[in-house]
>>> print(open('my_file_24.cif').read())   # mmCIF, C-alpha atoms
data_entry
loop_
_atom_site.label_atom_id
_atom_site.label_comp_id
_atom_site.auth_asym_id
_atom_site.auth_seq_id
_atom_site.Cartn_x
_atom_site.Cartn_y
_atom_site.Cartn_z
CA MET A 1 20.05 26.01 35.60
CA ILE A 2 17.05 24.49 33.90
CA ASP A 3 14.84 25.76 31.07
CA ILE A 4 11.11 25.64 31.79
CA LEU A 5 8.76 25.84 28.80
CA TYR A 6 5.00 26.46 28.80
CA PHE A 7 2.57 25.81 25.98
CA ALA A 8 -1.05 26.60 25.08
CA TRP A 9 -3.17 27.85 28.00
CA LEU A 10 -0.36 27.26 30.51
CA ARG A 11 1.71 29.75 28.55
CA GLU A 12 -1.21 32.19 28.42
CA ARG A 13 -1.97 31.93 32.15
CA ILE A 14 1.66 32.28 33.17
CA GLY A 15 2.22 35.05 30.65
CA ILE A 16 5.56 33.76 29.35
CA GLY A 17 6.55 30.80 27.20
CA ARG A 18 9.90 30.14 28.81
CA GLU A 19 11.87 30.83 31.94
CA ARG A 20 15.20 29.71 33.33
CA LEU A 21 15.79 28.86 36.96
CA GLU A 22 17.91 27.08 39.52
CA THR A 23 16.19 24.15 41.22
CA SER A 24 17.05 21.21 43.39
CA ALA A 25 13.63 19.58 42.94
CA PRO A 26 14.11 15.82 42.64
CA THR A 27 10.97 15.19 40.55
CA VAL A 28 8.73 16.94 38.07
CA ALA A 29 6.00 17.11 40.73
CA ALA A 30 8.39 18.80 43.18
CA LEU A 31 9.34 21.29 40.47
CA ILE A 32 5.65 22.07 39.91
CA GLU A 33 5.27 22.79 43.63
CA GLU A 34 8.12 25.30 43.41
CA LEU A 35 6.64 26.89 40.29
CA GLN A 36 3.15 27.25 41.83
CA SER A 37 4.48 29.82 44.31
CA ARG A 38 6.23 32.00 41.72
CA SER A 39 3.15 34.05 40.75
CA GLY A 40 -0.65 34.08 40.67
CA GLY A 41 -0.45 33.07 37.01
CA HIS A 42 1.72 30.08 37.86
CA ALA A 43 -0.66 29.08 40.65
CA LEU A 44 -3.63 29.31 38.26
CA ALA A 45 -1.85 27.38 35.51
CA PHE A 46 -0.93 24.55 37.86
CA ALA A 47 -4.21 24.57 39.83
CA ASP A 48 -5.45 21.21 38.46
CA LEU A 49 -2.66 18.73 37.94
CA SER A 50 -4.95 16.28 36.14
CA THR A 51 -4.83 18.64 33.16
CA ILE A 52 -1.03 18.98 33.16
CA ARG A 53 1.28 16.97 30.94
CA ALA A 54 5.07 17.21 31.15
CA ALA A 55 8.11 16.44 29.03
CA VAL A 56 11.67 16.17 30.30
CA ASP A 57 14.26 16.88 27.64
CA GLN A 58 11.49 16.45 25.05
CA ASP A 59 10.29 13.05 26.23
CA LEU A 60 6.80 12.72 27.70
CA VAL A 61 6.96 11.68 31.37
CA GLU A 62 4.61 11.09 34.27
CA LEU A 63 4.54 13.84 36.90
CA ASP A 64 6.35 11.64 39.44
CA ALA A 65 9.31 11.20 37.08
CA PRO A 66 12.77 12.17 38.43
CA LEU A 67 14.31 15.37 37.09
CA GLY A 68 17.85 13.97 37.00
CA ASN A 69 20.13 16.24 34.99
CA ALA A 70 17.29 17.60 32.89
CA ARG A 71 18.15 20.66 30.88
CA GLU A 72 14.63 21.37 29.63
CA VAL A 73 11.26 20.67 31.23
CA ALA A 74 8.04 21.53 29.41
CA PHE A 75 4.49 21.80 30.75
CA PHE A 76 1.36 21.77 28.64
CA PRO A 77 -2.28 20.62 28.51
CA PRO A 78 -3.28 17.27 26.96
CA MET A 79 -2.34 17.35 23.31
CA THR A 80 -4.88 17.96 20.56
CA GLY A 81 -3.07 17.38 17.29
CA GLY A 82 -4.26 15.67 14.14
CA MET B 1 -35.15 -17.39 -23.38
CA ILE B 2 -32.48 -16.58 -20.87
CA ASP B 3 -29.03 -14.99 -21.26
CA ILE B 4 -26.19 -16.90 -19.63
CA LEU B 5 -22.95 -14.99 -19.02
CA TYR B 6 -19.55 -16.43 -18.09
CA PHE B 7 -16.60 -14.54 -16.65
CA ALA B 8 -12.90 -15.12 -15.96
CA TRP B 9 -11.81 -18.78 -16.14
CA LEU B 10 -15.38 -19.99 -16.60
CA ARG B 11 -15.51 -17.98 -19.81
CA GLU B 12 -12.13 -19.33 -20.87
CA ARG B 13 -13.02 -22.97 -20.18
CA ILE B 14 -16.40 -22.74 -21.91
CA GLY B 15 -14.90 -20.77 -24.78
CA ILE B 16 -17.67 -18.17 -24.98
CA GLY B 17 -18.71 -15.27 -22.77
CA ARG B 18 -22.43 -15.47 -23.42
CA GLU B 19 -25.09 -17.82 -24.71
CA ARG B 20 -28.85 -17.71 -24.92
CA LEU B 21 -31.06 -20.68 -24.20
CA GLU B 22 -34.50 -21.96 -23.31
CA THR B 23 -34.72 -23.55 -19.86
CA SER B 24 -37.33 -24.67 -17.41
CA ALA B 25 -34.82 -25.13 -14.59
CA PRO B 26 -36.44 -23.93 -11.35
CA THR B 27 -33.18 -22.97 -9.63
CA VAL B 28 -29.68 -21.80 -10.43
CA ALA B 29 -28.35 -25.22 -9.38
CA ALA B 30 -30.75 -26.97 -11.78
CA LEU B 31 -29.61 -24.64 -14.56
CA ILE B 32 -26.00 -25.55 -13.82
CA GLU B 33 -26.87 -29.25 -14.18
CA GLU B 34 -28.34 -28.55 -17.62
CA LEU B 35 -25.30 -26.49 -18.61
CA GLN B 36 -22.80 -29.19 -17.48
CA SER B 37 -24.02 -31.50 -20.27
CA ARG B 38 -23.71 -28.94 -23.08
CA SER B 39 -19.99 -29.52 -23.78
CA GLY B 40 -16.73 -30.76 -22.30
CA GLY B 41 -15.81 -27.14 -21.63
CA HIS B 42 -19.04 -26.58 -19.70
CA ALA B 43 -18.45 -29.76 -17.69
CA LEU B 44 -14.92 -28.63 -16.85
CA ALA B 45 -16.05 -25.12 -15.92
CA PHE B 46 -18.72 -26.42 -13.56
CA ALA B 47 -16.69 -29.36 -12.19
CA ASP B 48 -16.28 -27.89 -8.69
CA LEU B 49 -19.33 -25.94 -7.55
CA SER B 50 -17.54 -24.62 -4.47
CA THR B 51 -15.63 -22.28 -6.80
CA ILE B 52 -18.75 -21.05 -8.63
CA ARG B 53 -20.55 -17.82 -7.82
CA ALA B 54 -23.78 -16.76 -9.53
CA ALA B 55 -25.79 -13.61 -10.13
CA VAL B 56 -29.41 -13.50 -11.24
CA ASP B 57 -30.32 -10.30 -13.05
CA GLN B 58 -27.11 -8.79 -11.66
CA ASP B 59 -27.74 -9.63 -8.01
CA LEU B 60 -25.47 -12.12 -6.26
CA VAL B 61 -27.39 -15.23 -5.21
CA GLU B 62 -26.76 -18.61 -3.61
CA LEU B 63 -26.78 -21.58 -5.98
CA ASP B 64 -30.07 -22.84 -4.58
CA ALA B 65 -31.82 -19.58 -5.47
CA PRO B 66 -34.94 -19.83 -7.66
CA LEU B 67 -34.59 -18.67 -11.26
CA GLY B 68 -38.08 -17.13 -11.41
CA ASN B 69 -38.42 -14.94 -14.47
CA ALA B 70 -34.71 -14.23 -14.68
CA ARG B 71 -33.57 -12.70 -17.93
CA GLU B 72 -29.84 -12.89 -17.22
CA VAL B 73 -27.85 -15.37 -15.16
CA ALA B 74 -24.09 -14.97 -14.76
CA PHE B 75 -21.51 -17.49 -13.53
CA PHE B 76 -18.03 -16.63 -12.34
CA PRO B 77 -15.31 -17.54 -9.84
CA PRO B 78 -15.02 -15.80 -6.44
CA MET B 79 -14.34 -12.12 -7.06
CA THR B 80 -10.89 -10.60 -6.72
CA GLY B 81 -11.32 -6.85 -7.06
CA GLY B 82 -9.66 -4.05 -5.14
CA MET C 1 9.80 7.52 7.38
CA PRO C 2 9.59 11.18 6.37
CA VAL C 3 8.12 13.52 8.98
CA ARG C 4 7.49 17.18 8.24
CA VAL C 5 6.31 19.95 10.57
CA GLN C 6 5.62 23.21 8.76
CA THR C 7 3.50 26.35 8.60
CA ALA C 8 3.24 26.32 4.83
CA ALA C 9 0.19 24.88 3.11
CA PHE C 10 0.76 21.62 1.25
CA ASP C 11 -1.03 19.85 -1.58
CA ALA C 12 -2.37 16.57 -0.14
CA GLY C 13 -3.00 15.11 -3.60
CA ALA C 14 0.51 15.89 -4.81
CA GLU C 15 1.90 14.42 -1.58
CA LEU C 16 -0.14 11.25 -2.07
CA ASN C 17 1.10 10.89 -5.63
CA GLY C 18 4.71 11.53 -4.62
CA PHE C 19 4.40 9.02 -1.80
CA SER C 20 2.87 6.34 -4.06
CA LYS C 21 5.35 6.75 -6.90
CA GLY C 22 7.60 3.76 -7.48
CA LEU C 23 6.28 1.82 -4.49
CA ALA C 24 6.53 -1.95 -4.58
CA ALA C 25 3.63 -2.05 -2.10
CA GLY C 26 0.12 -2.68 -3.37
CA ALA C 27 -1.83 -0.78 -0.71
CA VAL C 28 -1.67 2.91 0.21
CA VAL C 29 -3.87 4.49 2.88
CA SER C 30 -3.98 8.21 3.56
CA PHE C 31 -5.67 10.32 6.19
CA THR C 32 -6.18 14.04 5.71
CA GLY C 33 -7.38 16.37 8.45
CA ILE C 34 -9.21 19.50 7.38
CA VAL C 35 -10.22 22.54 9.47
CA ARG C 36 -13.94 22.06 10.03
CA GLY C 37 -16.22 25.08 10.06
CA GLY C 38 -19.46 25.54 11.96
CA GLY C 39 -20.38 26.97 15.35
CA GLY C 40 -19.15 30.43 14.36
CA MET C 41 -15.58 29.23 13.96
CA THR C 42 -13.58 31.16 11.40
CA ALA C 43 -10.03 29.87 11.81
CA MET C 44 -7.76 27.68 13.89
CA GLU C 45 -4.37 28.33 15.42
CA ILE C 46 -2.08 25.41 16.09
CA GLU C 47 0.77 25.71 18.56
CA HIS C 48 3.50 23.11 18.81
CA TYR C 49 6.73 22.37 20.66
CA PRO C 50 9.57 22.79 18.16
CA GLY C 51 12.12 20.03 18.50
CA MET C 52 9.95 17.70 20.49
CA THR C 53 7.31 17.61 17.76
CA GLU C 54 9.62 16.14 15.10
CA ARG C 55 11.03 13.77 17.71
CA ALA C 56 7.60 12.54 18.81
CA LEU C 57 6.30 12.12 15.25
CA THR C 58 9.43 10.21 14.23
CA ALA C 59 9.09 7.93 17.25
CA ILE C 60 5.42 7.26 16.43
CA ALA C 61 6.23 6.52 12.78
CA GLU C 62 9.04 4.18 13.84
CA GLU C 63 6.73 2.39 16.25
CA ALA C 64 4.21 1.89 13.42
CA SER C 65 6.97 0.43 11.25
CA ARG C 66 7.91 -1.99 14.02
CA ARG C 67 4.34 -3.20 14.44
CA TRP C 68 3.41 -3.54 10.76
CA SER C 69 5.36 -4.41 7.61
CA LEU C 70 5.28 -0.97 6.10
CA GLU C 71 7.19 -0.12 3.00
CA CYS C 72 6.90 3.56 3.83
CA ALA C 73 5.06 6.05 6.03
CA LEU C 74 4.63 9.80 5.78
CA VAL C 75 3.51 12.38 8.35
CA ILE C 76 2.99 16.06 7.57
CA HIS C 77 1.56 18.40 10.23
CA ARG C 78 1.10 22.15 9.99
CA TYR C 79 1.13 24.73 12.75
CA GLY C 80 0.22 28.43 12.90
CA LEU C 81 -2.96 30.04 11.62
CA LEU C 82 -5.27 27.96 9.38
CA GLU C 83 -8.54 29.01 7.77
CA VAL C 84 -11.64 26.81 7.66
CA GLY C 85 -11.25 24.30 4.81
CA GLU C 86 -7.45 24.24 4.94
CA THR C 87 -5.61 20.96 5.28
CA ILE C 88 -4.10 20.62 8.78
CA MET C 89 -2.15 17.40 8.38
CA MET C 90 -1.90 14.10 6.61
CA VAL C 91 -0.48 10.64 7.18
CA ALA C 92 0.10 8.02 4.53
CA THR C 93 1.14 4.38 4.83
CA ALA C 94 2.18 1.86 2.20
CA ALA C 95 2.17 -1.89 2.70
CA ARG C 96 1.85 -5.10 0.77
CA HIS C 97 -1.57 -5.83 2.19
CA ARG C 98 -4.43 -3.46 2.85
CA ALA C 99 -5.06 -4.52 6.46
CA GLU C 100 -1.55 -3.42 7.44
CA ALA C 101 -1.81 -0.10 5.63
CA PHE C 102 -5.19 0.62 7.27
CA GLN C 103 -4.14 -0.38 10.77
CA ALA C 104 -0.86 1.53 10.64
CA ALA C 105 -2.58 4.72 9.44
CA ASP C 106 -5.25 4.37 12.13
CA PHE C 107 -2.53 3.82 14.76
CA LEU C 108 -0.49 6.80 13.55
CA MET C 109 -3.56 9.03 13.83
CA ASP C 110 -4.44 7.85 17.33
CA TYR C 111 -0.92 8.46 18.62
CA LEU C 112 -0.46 11.70 16.78
CA LYS C 113 -3.74 13.03 18.24
CA SER C 114 -2.79 12.47 21.85
CA ARG C 115 1.00 12.05 22.00
CA ALA C 116 2.46 14.62 19.62
CA PRO C 117 2.84 18.11 21.13
CA PHE C 118 0.25 20.08 19.18
CA TRP C 119 -2.48 22.25 20.66
CA LYS C 120 -5.43 23.62 18.74
CA LYS C 121 -7.15 26.89 19.45
CA GLU C 122 -10.41 27.76 17.74
CA ILE C 123 -10.84 31.32 16.61
CA GLY C 124 -14.44 32.41 16.18
CA GLU C 125 -16.73 35.41 16.09
CA ALA C 126 -17.16 35.15 19.85
CA GLY C 127 -13.45 34.91 20.72
CA THR C 128 -10.90 32.14 21.00
CA SER C 129 -10.82 28.89 22.93
CA TRP C 130 -8.39 26.02 23.31
CA VAL C 131 -9.74 22.73 22.04
CA ASP C 132 -10.21 20.23 24.88
CA ALA C 133 -8.68 16.79 24.54
CA LYS C 134 -11.40 14.18 24.12
CA ALA C 135 -11.73 11.18 26.39
CA SER C 136 -12.50 9.16 23.26
CA ASP C 137 -9.06 10.00 21.86
CA GLU C 138 -7.32 8.75 24.98
CA LYS C 139 -9.49 5.64 24.90
CA ALA C 140 -8.61 5.01 21.25
CA LEU C 141 -4.97 4.48 22.29
CA ALA C 142 -5.95 1.49 24.41
CA ARG C 143 -6.78 -0.40 21.21
CA TRP C 144 -3.10 -0.81 20.26
CA MET D 1 -21.80 8.62 -3.62
CA PRO D 2 -19.92 8.77 -6.92
CA VAL D 3 -18.89 5.39 -8.34
CA ARG D 4 -16.81 5.13 -11.51
CA VAL D 5 -15.74 2.04 -13.46
CA GLN D 6 -13.33 2.82 -16.25
CA THR D 7 -10.37 1.60 -18.30
CA ALA D 8 -8.65 5.01 -18.34
CA ALA D 9 -5.88 5.78 -15.89
CA PHE D 10 -6.76 8.35 -13.22
CA ASP D 11 -4.74 10.68 -11.03
CA ALA D 12 -5.31 9.54 -7.41
CA GLY D 13 -3.91 12.80 -6.00
CA ALA D 14 -6.16 14.96 -8.17
CA GLU D 15 -9.13 12.76 -7.21
CA LEU D 16 -8.29 13.13 -3.52
CA ASN D 17 -8.07 16.90 -3.85
CA GLY D 18 -11.32 17.09 -5.82
CA PHE D 19 -13.03 14.89 -3.24
CA SER D 20 -11.77 16.97 -0.29
CA LYS D 21 -12.63 20.35 -1.78
CA GLY D 22 -15.35 22.24 0.02
CA LEU D 23 -16.08 19.44 2.47
CA ALA D 24 -17.56 20.34 5.83
CA ALA D 25 -16.10 17.08 7.18
CA GLY D 26 -12.84 17.15 9.09
CA ALA D 27 -11.57 13.67 8.25
CA VAL D 28 -10.80 12.17 4.85
CA VAL D 29 -9.43 8.64 4.40
CA SER D 30 -8.31 7.25 1.07
CA PHE D 31 -7.18 3.83 -0.08
CA THR D 32 -5.28 3.35 -3.31
CA GLY D 33 -4.53 -0.04 -4.84
CA ILE D 34 -1.46 -0.31 -7.04
CA VAL D 35 -0.38 -3.18 -9.32
CA ARG D 36 2.39 -4.88 -7.38
CA GLY D 37 5.36 -6.33 -9.26
CA GLY D 38 7.53 -9.26 -8.27
CA GLY D 39 7.47 -12.97 -9.08
CA GLY D 40 8.04 -12.33 -12.77
CA MET D 41 4.75 -10.48 -13.11
CA THR D 42 4.73 -7.81 -15.80
CA ALA D 43 1.09 -6.73 -16.01
CA MET D 44 -2.42 -7.41 -14.80
CA GLU D 45 -5.67 -7.75 -16.67
CA ILE D 46 -8.91 -7.00 -14.88
CA GLU D 47 -12.20 -8.35 -16.18
CA HIS D 48 -15.53 -7.12 -14.86
CA TYR D 49 -19.26 -7.55 -15.38
CA PRO D 50 -20.55 -4.36 -17.02
CA GLY D 51 -23.80 -3.24 -15.48
CA MET D 52 -23.55 -5.36 -12.39
CA THR D 53 -20.26 -3.75 -11.38
CA GLU D 54 -21.69 -0.24 -11.07
CA ARG D 55 -24.74 -1.65 -9.34
CA ALA D 56 -22.69 -3.61 -6.80
CA LEU D 57 -20.34 -0.71 -6.06
CA THR D 58 -23.24 1.69 -5.60
CA ALA D 59 -24.95 -0.76 -3.22
CA ILE D 60 -21.73 -1.14 -1.19
CA ALA D 61 -21.24 2.64 -1.00
CA GLU D 62 -24.86 3.11 0.08
CA GLU D 63 -24.49 0.44 2.75
CA ALA D 64 -21.40 2.27 4.07
CA SER D 65 -23.40 5.50 4.21
CA ARG D 66 -26.12 3.78 6.19
CA ARG D 67 -23.66 2.40 8.72
CA TRP D 68 -21.54 5.51 9.25
CA SER D 69 -22.25 9.24 9.13
CA LEU D 70 -20.38 9.93 5.92
CA GLU D 71 -20.49 13.26 4.25
CA CYS D 72 -19.29 11.67 1.03
CA ALA D 73 -17.72 8.52 -0.41
CA LEU D 74 -15.96 7.86 -3.71
CA VAL D 75 -15.13 4.61 -5.50
CA ILE D 76 -13.10 4.41 -8.72
CA HIS D 77 -12.11 1.02 -10.17
CA ARG D 78 -10.34 0.33 -13.44
CA TYR D 79 -10.54 -2.71 -15.69
CA GLY D 80 -8.56 -3.87 -18.70
CA LEU D 81 -4.79 -4.12 -18.98
CA LEU D 82 -2.66 -2.46 -16.25
CA GLU D 83 1.12 -2.32 -15.99
CA VAL D 84 3.04 -2.86 -12.75
CA GLY D 85 2.96 0.38 -10.75
CA GLU D 86 -0.33 1.60 -12.20
CA THR D 87 -3.19 2.56 -9.90
CA ILE D 88 -5.97 -0.04 -10.01
CA MET D 89 -8.56 1.63 -7.86
CA MET D 90 -9.26 3.99 -5.02
CA VAL D 91 -11.87 4.64 -2.39
CA ALA D 92 -12.24 7.80 -0.33
CA THR D 93 -14.50 8.60 2.60
CA ALA D 94 -15.22 11.87 4.38
CA ALA D 95 -16.70 12.13 7.85
CA ARG D 96 -16.79 14.45 10.81
CA HIS D 97 -14.70 12.08 12.93
CA ARG D 98 -11.71 10.03 11.90
CA ALA D 99 -12.98 6.71 13.29
CA GLU D 100 -15.97 6.82 10.96
CA ALA D 101 -13.88 7.72 7.93
CA PHE D 102 -11.39 4.91 8.68
CA GLN D 103 -14.04 2.26 9.34
CA ALA D 104 -16.10 3.15 6.29
CA ALA D 105 -13.06 3.01 3.98
CA ASP D 106 -11.98 -0.31 5.49
CA PHE D 107 -15.51 -1.68 5.04
CA LEU D 108 -15.74 -0.44 1.45
CA MET D 109 -12.47 -2.20 0.63
CA ASP D 110 -13.50 -5.49 2.22
CA TYR D 111 -16.79 -5.58 0.34
CA LEU D 112 -15.34 -4.36 -2.91
CA LYS D 113 -12.65 -7.10 -2.77
CA SER D 114 -15.09 -9.99 -2.45
CA ARG D 115 -18.50 -8.74 -3.56
CA ALA D 116 -17.91 -6.55 -6.61
CA PRO D 117 -17.61 -8.50 -9.90
CA PHE D 118 -13.95 -7.99 -10.78
CA TRP D 119 -11.47 -10.73 -11.62
CA LYS D 120 -7.73 -10.24 -11.77
CA LYS D 121 -5.41 -12.13 -14.08
CA GLU D 122 -1.67 -11.87 -13.66
CA ILE D 123 0.41 -11.69 -16.80
CA GLY D 124 4.00 -12.76 -16.38
CA GLU D 125 7.03 -14.02 -18.21
CA ALA D 126 5.83 -17.59 -17.66
CA GLY D 127 2.25 -17.05 -18.86
CA THR D 128 -1.00 -15.88 -17.31
CA SER D 129 -2.97 -16.99 -14.28
CA TRP D 130 -6.18 -15.93 -12.60
CA VAL D 131 -5.68 -14.58 -9.09
CA ASP D 132 -7.27 -16.86 -6.49
CA ALA D 133 -9.64 -15.33 -3.97
CA LYS D 134 -8.07 -15.38 -0.51
CA ALA D 135 -9.74 -16.99 2.48
CA SER D 136 -8.54 -13.98 4.50
CA ASP D 137 -10.63 -11.66 2.29
CA GLU D 138 -13.77 -13.68 2.89
CA LYS D 139 -12.97 -13.75 6.60
CA ALA D 140 -12.51 -9.98 6.66
CA LEU D 141 -16.19 -9.56 5.76
CA ALA D 142 -17.22 -11.25 8.98
CA ARG D 143 -15.92 -8.23 10.91
CA TRP D 144 -18.80 -6.02 9.79
#
>>> encode(input="my_file_24.cif", output="structure tokens")
Amino acid sequence: MIDILYFAWLRERIGIGRERLETSAPTVAALIEELQSRSGGHALAFADLSTIRAAVDQDLVELDAPLGNAREVAFFPPMTGG
Amino acid sequence: MIDILYFAWLRERIGIGRERLETSAPTVAALIEELQSRSGGHALAFADLSTIRAAVDQDLVELDAPLGNAREVAFFPPMTGG
Amino acid sequence: MPVRVQTAAFDAGAELNGFSKGLAAGAVVSFTGIVRGGGGMTAMEIEHYPGMTERALTAIAEEASRRWSLECALVIHRYGLLEVGETIMMVATAARHRAEAFQAADFLMDYLKSRAPFWKKEIGEAGTSWVDAKASDEKALARW
Amino acid sequence: MPVRVQTAAFDAGAELNGFSKGLAAGAVVSFTGIVRGGGGMTAMEIEHYPGMTERALTAIAEEASRRWSLECALVIHRYGLLEVGETIMMVATAARHRAEAFQAADFLMDYLKSRAPFWKKEIGEAGTSWVDAKASDEKALARW
């Protein structure tokens, strides 16, 4: 089981900030493909991958990064702190 | 009559911070030549011109600047503020 | 390298004084970010990723300390609802020489802008909208 | 563009807060210079050129405002006798974008270091000595 977290407009489009699921996706990108088919909101949130950033166990990663034994994967738009 | 001001180690070497004199020197450099002969302290203060900065009427100038109708000329080492 | 993530308002001046107290360094640089008004904007909401935020800010502060001889660095970043004019965040750096303090603060800001998990939403008379990341912010990272 | 030259101590934090209050700008950068100890130094004496100092600082602040879109800039510089740990001076800049605030503060410091008529003398256990200007400070000016 893996925790999936959504932030900012991804959270708003999907309608929830967190969900928990079973996956055998080998990479973050493969996980995104699985997620896209979960609902219309998911599909909308992940429509343009150029606007998606991801963190695996709270470390920023590229979308082709392996999932490994990740316990927590987060998806969010480019950050706008400061 | 012109006011001559000295700061930092120029003031210390010359022994006074200000003097007033009559000069017909056309440039700052010519004025320095006159000043060098006023005392041993003056000669010591102006021994190495590469360490001398000058201001005419409170504007920084190069040593070859004309004196014009200057009322106040100041001499000092390179500045070390901040 | 103290890093604080909080909703509560903080006093930037008091933080600067606390940071500077008893330093052996001669140079302190601070950056303060303030919620800017204009364009009908009335407030800002900042979302963050609890856990990762502290981790990312600490990593950025440690990277700054590796690159420059800092005596100390401070990062404070708020989240939640902020009114126009409120202080969003601050960084401070202390070093022996001013160039290091300036560069480290500039670096901290560039990384914090684009690599720490914060997202800003503008709240205005006409509704709300997420602030877009700027290409210039991503480009600024290439300087380091 | 307020410029102050004074012997009295000042509260850098209070100055930063006063400077930031009511700004429409989003980015505030400050630099604070503190008397650094070490090497047997116990105090510092700063001499300046009354009249020219204010003039030079005002000209430097105006030049910064011409080069960058600043909402405001502040320069405070002390003279006279300062103990180790005391605040010598500060600059602050406020701009819409952080790059402008950083660059303007950096510029102000470079010019103030080498073009404003201040001279530092270190007072130590072994006597006193005038601080030499650094070649690196003169070189820093070439950046602008």
>>> resolve_selection(input="my_file_24.cif", expression="the PyMOL selection byres ((chain C and resi 15) around 12)", output="PyMOL selection string")
(chain C and resi 2+4+9-14+16-21+30-32+73-76+89-93) or (chain D and resi 12-14+16-17)
>>> residues_around(input="my_file_24.cif", residues="segment 57-62 of chain A", least_positions_apart="2", cutoff="8 Å", atoms="all atoms listed in the file", output="list in words")
Arg53, Ala54, Ala55, Asp64, Ala65, Ala70, Arg71, Glu72, Val73 and Ala74 of chain A; Gly51, Met52, Arg55 and Ala56 of chain C
>>> residues_near_point(input="my_file_24.cif", point="(-22.5, -16.3, -20.4)", cutoff="12 Å", atoms="only C-alpha atoms", output="ChimeraX atom specification")
/B:2-21,32,35,42,45,54-56,71-76 /D:49
>>> resolve_selection(input="my_file_24.cif", expression="the PyMOL selection byres ((chain D and resi 114-117) around 6)", output="PDB file with C-alpha atoms, keeping the file's coordinate frame")
ATOM      1  CA  MET B  79     -14.340 -12.120  -7.060  1.00  0.00           C
TER       2      MET B  79
ATOM      3  CA  HIS D  48     -15.530  -7.120 -14.860  1.00  0.00           C
ATOM      4  CA  TYR D  49     -19.260  -7.550 -15.380  1.00  0.00           C
ATOM      5  CA  THR D  53     -20.260  -3.750 -11.380  1.00  0.00           C
ATOM      6  CA  ALA D  56     -22.690  -3.610  -6.800  1.00  0.00           C
ATOM      7  CA  TYR D 111     -16.790  -5.580   0.340  1.00  0.00           C
ATOM      8  CA  LEU D 112     -15.340  -4.360  -2.910  1.00  0.00           C
ATOM      9  CA  LYS D 113     -12.650  -7.100  -2.770  1.00  0.00           C
ATOM     10  CA  PHE D 118     -13.950  -7.990 -10.780  1.00  0.00           C
TER      11      PHE D 118
END
>>> resolve_selection(input="my_file_24.cif", expression="the PyMOL selection byres ((chain C and resi 26) around 7)", output="PyMOL selection string")
(chain C and resi 24-25+27-28+95-97) or (chain D and resi 33-36)
>>> atom_distance(input="my_file_24.cif", atom1="atom CA of Gly80 of chain C", atom2="atom CA of Met44 of chain C")
8.1 Å
>>> atom_distance(input="my_file_24.cif", atom1="atom CA of Val84 of chain C", atom2="atom CA of Ile46 of chain C")
12.8 Å
>>> residues_near_point(input="my_file_24.cif", point="(-5.9, -11.1, 9.3)", cutoff="12 Å", atoms="only C-alpha atoms", output="MDAnalysis selection string")
(chainID C and resid 97:100 102:103) or (chainID D and resid 110 134:143)
>>> write_last_selection(input="my_file_24.cif", atoms="C-alpha atoms", output="CSV table (one decimal), keeping the file's coordinate frame")
chain,number,residue,atom,x,y,z
C,97,HIS,CA,-1.6,-5.8,2.2
C,98,ARG,CA,-4.4,-3.5,2.8
C,99,ALA,CA,-5.1,-4.5,6.5
C,100,GLU,CA,-1.6,-3.4,7.4
C,102,PHE,CA,-5.2,0.6,7.3
C,103,GLN,CA,-4.1,-0.4,10.8
D,110,ASP,CA,-13.5,-5.5,2.2
D,134,LYS,CA,-8.1,-15.4,-0.5
D,135,ALA,CA,-9.7,-17.0,2.5
D,136,SER,CA,-8.5,-14.0,4.5
D,137,ASP,CA,-10.6,-11.7,2.3
D,138,GLU,CA,-13.8,-13.7,2.9
D,139,LYS,CA,-13.0,-13.8,6.6
D,140,ALA,CA,-12.5,-10.0,6.7
D,141,LEU,CA,-16.2,-9.6,5.8
D,142,ALA,CA,-17.2,-11.2,9.0
D,143,ARG,CA,-15.9,-8.2,10.9
>>> atom_distance(input="my_file_24.cif", atom1="atom CA of Gly68 of chain A", atom2="atom CA of Ile52 of chain A")
19.9 Å
>>> axis_aligned_box(input="my_file_24.cif", around="segment 27-32 of chain A", padding_each_side="8 Å", output="AutoDock Vina command-line options")
--center_x 8.3 --center_y 18.6 --center_z 40.6 --size_x 21.3 --size_y 22.9 --size_z 21.1
>>> closest_residue(input="my_file_24.cif", among="A:Thr80, A:Thr23, A:Asp48, A:Pro66", to="chain C", atoms="all atoms listed in the file")
A:Thr80
>>> decode(input="my_file_24.cif", residues="segment 30-44 of chain B", atoms="C-alpha atoms", output="PDB file, in the first residue's frame")
ATOM      1  CA  ALA B  30      49.944  71.211  -8.107  1.00  0.00           C
ATOM      2  CA  LEU B  31      48.357  72.012  -4.748  1.00  0.00           C
ATOM      3  CA  ILE B  32      49.782  68.786  -3.332  1.00  0.00           C
ATOM      4  CA  GLU B  33      53.265  69.823  -4.494  1.00  0.00           C
ATOM      5  CA  GLU B  34      52.895  73.110  -2.620  1.00  0.00           C
ATOM      6  CA  LEU B  35      51.625  71.313   0.481  1.00  0.00           C
ATOM      7  CA  GLN B  36      54.501  68.775   0.490  1.00  0.00           C
ATOM      8  CA  SER B  37      56.990  71.566   1.287  1.00  0.00           C
ATOM      9  CA  ARG B  38      55.029  73.011   4.228  1.00  0.00           C
ATOM     10  CA  SER B  39      56.393  70.603   6.875  1.00  0.00           C
ATOM     11  CA  GLY B  40      57.937  67.201   7.436  1.00  0.00           C
ATOM     12  CA  GLY B  41      54.489  65.933   8.377  1.00  0.00           C
ATOM     13  CA  HIS B  42      53.038  67.183   5.089  1.00  0.00           C
ATOM     14  CA  ALA B  43      55.889  65.569   3.155  1.00  0.00           C
ATOM     15  CA  LEU B  44      55.303  62.265   4.948  1.00  0.00           C
TER      16      LEU B  44
END
